[in-house]
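Asker: Have a look at this one before I ask anything.
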Amino acid sequence: MGKDLELFVTALPAWLHCPICLEAAYPPLLVCAEQHIVCHSRAMAARVEVSPLVKRAFEEYSVKCRHRGCTWVGAISEESTHSNVTCMHRLVSCTQCNVHVAVSKTEEHIATECVETEIACPRGGANCGGMQKGLHRRGKSAEHDETCAEFECRVPDCKTRTTLANRTEHEAGCVRLRNEKAALAKEVGALRAQVAQLSTGRPAVSDGTPASRVDAGTSGSSAKRPKTNDDALLSHLSMRAAARTSAFGFKHSYHGH
Ligand SMILES: [Zn+2]
Ligand SMILES: [Zn+2]
Ligand SMILES: [Zn+2]
Ligand SMILES: [Zn+2]
Ligand SMILES: [Zn+2]
């Protein structure tokens with residue numbers, strides 16, 4: 001029943017300690033003619049009364065609030081009311097989950113961490129189609145995530161949403177498609193370059209055509225060059241590029257991207 005000695009801002013003299021619990025003898029109960037005091041009324045058989053004089057002596061010593069984070073300091077006579085009733089740092093049970101939370105933190109607890117608070121799916125909102133249509137208790141997030149179909153594919157530019165269970169497979173397909181697309185784009189680019197070179201009459205250095213074949217002899221005028229073979233190749237390459245591009249377009253839409 002005594003007050004914790006640690007609460008006193010300055011050390012309490014020994015004569016105010018309770019000989020039974022070794023804490024502060026508050027409220028101070030007189031036990032004998034020598035005016036010894038204790039704080040444990042139940043242990044006393046005969047006369048037990050509070051000593052007003054010793055009580056006043058106690059008021060000389062300030063006490064701190066016992067709750068963590070509180071800076072209140074005051075008279076010992078006010079300590080009980082402060083720490084049990086008005087202190088914002090006293091712990092109370094959350095009305096939803098029963099976890100002990102400081103009074104000042106209850107709103108924050110319910111808003112950000114209470115496992116019983118109903119929250120909407122962080123991806124699909126209140127109608128994601130997963131467990132309980134997206135509205136679920138925070139403590140059930142893992143279960144919701146297993147049924148939620150709103151996990152976005154992490155391959156850039158793909159907006160596909162699917163379940164966690166299907167996402168790995170989907171992303172593998174997405175990466176394949178992306179690589180194919182890049183390879184095709186590269187090939188189309190190379191073909192276009194070749195076509196462009198042929199149409200301007202310049203030699204395509206990359207395909208090994210000897211420059212001397214075109215430029216041999218005079219100033220290199222393209223008008224003097226025989227055209228039949230180049231025209232056929234140009235036509236062939238254009239058709240091939242077009243075919244590749246449209247084949248890719250078909251595949252692309254087929255996969256729904
Ligand atoms: Zn005591
Ligand atoms: Zn307090
Ligand atoms: Zn709670
Ligand atoms: Zn969801
Ligand atoms: Zn994807």
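Ligands are numbered from 1 in the order shown, chains are lettered A, B, ... in the order of the structure tokens, and residues start at 1 in each chain.
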Please identify every residue of chain A that has at least one atom no farther than 7 Å from an atom of ligand 1, counting only C-alpha atoms and all ligand atoms, and for each give the shortest atom pair and the distance in Å to one decimal, arranged by chain then increasing number, as a tab-separated table.

Answerer:
```
residue	atom	partner	partner_atom_place_in_ligand_line	distance
A:Met1	CA	ligand 1	1 (Zn)	5.8
A:Gly2	CA	ligand 1	1 (Zn)	4.7
A:Cys18	CA	ligand 1	1 (Zn)	4.6
A:Pro19	CA	ligand 1	1 (Zn)	6.5
A:Ile20	CA	ligand 1	1 (Zn)	4.9
A:Cys21	CA	ligand 1	1 (Zn)	4.0
A:Leu22	CA	ligand 1	1 (Zn)	6.2
A:Glu23	CA	ligand 1	1 (Zn)	6.0
A:Ala25	CA	ligand 1	1 (Zn)	5.7
A:Val38	CA	ligand 1	1 (Zn)	5.4
A:Cys39	CA	ligand 1	1 (Zn)	4.2
A:His40	CA	ligand 1	1 (Zn)	4.8
```

Asker: Please, could you write that set of residues out with C-alpha atoms as a short mmCIF file (atom, residue, chain, number, x, y, z; two decimals), in the first residue's frame?

Answerer:
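To be explicit, this is the file written out as result30.cif:
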```cif
data_model
loop_
_atom_site.label_atom_id
_atom_site.label_comp_id
_atom_site.auth_asym_id
_atom_site.auth_seq_id
_atom_site.Cartn_x
_atom_site.Cartn_y
_atom_site.Cartn_z
CA MET A 1 0.00 0.00 0.00
CA GLY A 2 2.97 2.32 0.50
CA CYS A 18 7.12 2.09 6.39
CA PRO A 19 8.91 -0.66 8.41
CA ILE A 20 6.63 -3.32 6.92
CA CYS A 21 6.77 -2.71 3.14
CA LEU A 22 9.87 -0.49 3.20
CA GLU A 23 8.15 2.07 0.97
CA ALA A 25 4.51 5.29 4.83
CA VAL A 38 3.15 2.34 9.02
CA CYS A 39 1.02 2.36 5.88
CA HIS A 40 -0.52 -1.08 6.37
#
```

Asker: Ligand 2: which residues are within 12 Å, counting only C-alpha atoms and all ligand atoms, as a count of residues only?

Answerer: 30

Asker: List every residue of region 17-188 of chain A that DSSP, applied to the backbone, labels as helix (DSSP H, G or I), and write the result as a ChimeraX atom specification.

Answerer: /A:41-43,52-58,76-86,103-112,131-134,138-147,164-188

Asker: Please identify all protein, DNA and RNA residues within 10 Å of ligand 5, counting only C-alpha atoms and all ligand atoms, and report them as a list in words.

Answerer: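 Listing the residues within 10 Å of ligand 5 gives Glu152, Cys153, Arg154, Val155, Pro156, Asp157, Cys158, Lys159, Thr160, Arg161, Thr162, Arg167, Thr168, Glu169, His170, Glu171, Ala172, Gly173, Cys174, Val175, Leu177, Arg178, His255, Gly256 and His257 of chain A.
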
Asker: If the limit is 7 Å from any atom of ligand 4, counting only C-alpha atoms and all ligand atoms, which residues qualify? Return them as JSON, numbers by chain.

Answerer: {"A": [121, 122, 123, 124, 125, 128, 129, 130, 134, 144, 145, 148, 149, 150]}

Asker: Among region 1-48 of chain A, which ones does DSSP assign to strand (DSSP E or B) (computed from the backbone)? Answer as a list of chain:residue names.

Answerer: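 So the strand (DSSP E or B) residues in region 1-48 of chain A would be A:Lys3, A:Phe8, A:His17, A:Ala24, A:Leu29, A:Leu30, A:Ile37, A:Val38.
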
Asker: Could you tell me, counting only C-alpha atoms and all ligand atoms, which protein and nucleic acid residues lie no more than 10 Å from ligand 3, written as a ChimeraX atom specification?

Answerer: /A:93-101,106-117

Asker: Convert the current residue selection to file output with C-alpha atoms, as a tab-separated table (two decimals), in the first residue's frame.

Answerer:
```
chain	number	residue	atom	x	y	z
A	93	SER	CA	-7.33	-1.45	-22.39
A	94	CYS	CA	-8.15	-0.99	-26.06
A	95	THR	CA	-11.91	-1.42	-26.38
A	96	GLN	CA	-11.37	-3.53	-29.49
A	97	CYS	CA	-8.37	-5.77	-28.80
A	98	ASN	CA	-7.75	-5.35	-25.03
A	99	VAL	CA	-4.08	-4.48	-25.53
A	100	HIS	CA	-2.88	-1.88	-22.98
A	101	VAL	CA	-2.32	1.51	-24.57
A	106	THR	CA	-5.60	5.14	-28.19
A	107	GLU	CA	-6.71	6.93	-31.38
A	108	GLU	CA	-3.38	6.31	-33.04
A	109	HIS	CA	-3.47	2.67	-31.92
A	110	ILE	CA	-6.90	2.11	-33.46
A	111	ALA	CA	-5.98	3.98	-36.63
A	112	THR	CA	-2.62	2.37	-37.30
A	113	GLU	CA	-2.04	-0.87	-35.38
A	114	CYS	CA	-5.09	-2.38	-33.66
A	115	VAL	CA	-5.59	-5.86	-35.11
A	116	GLU	CA	-9.37	-5.57	-34.67
A	117	THR	CA	-9.79	-2.38	-36.71
```
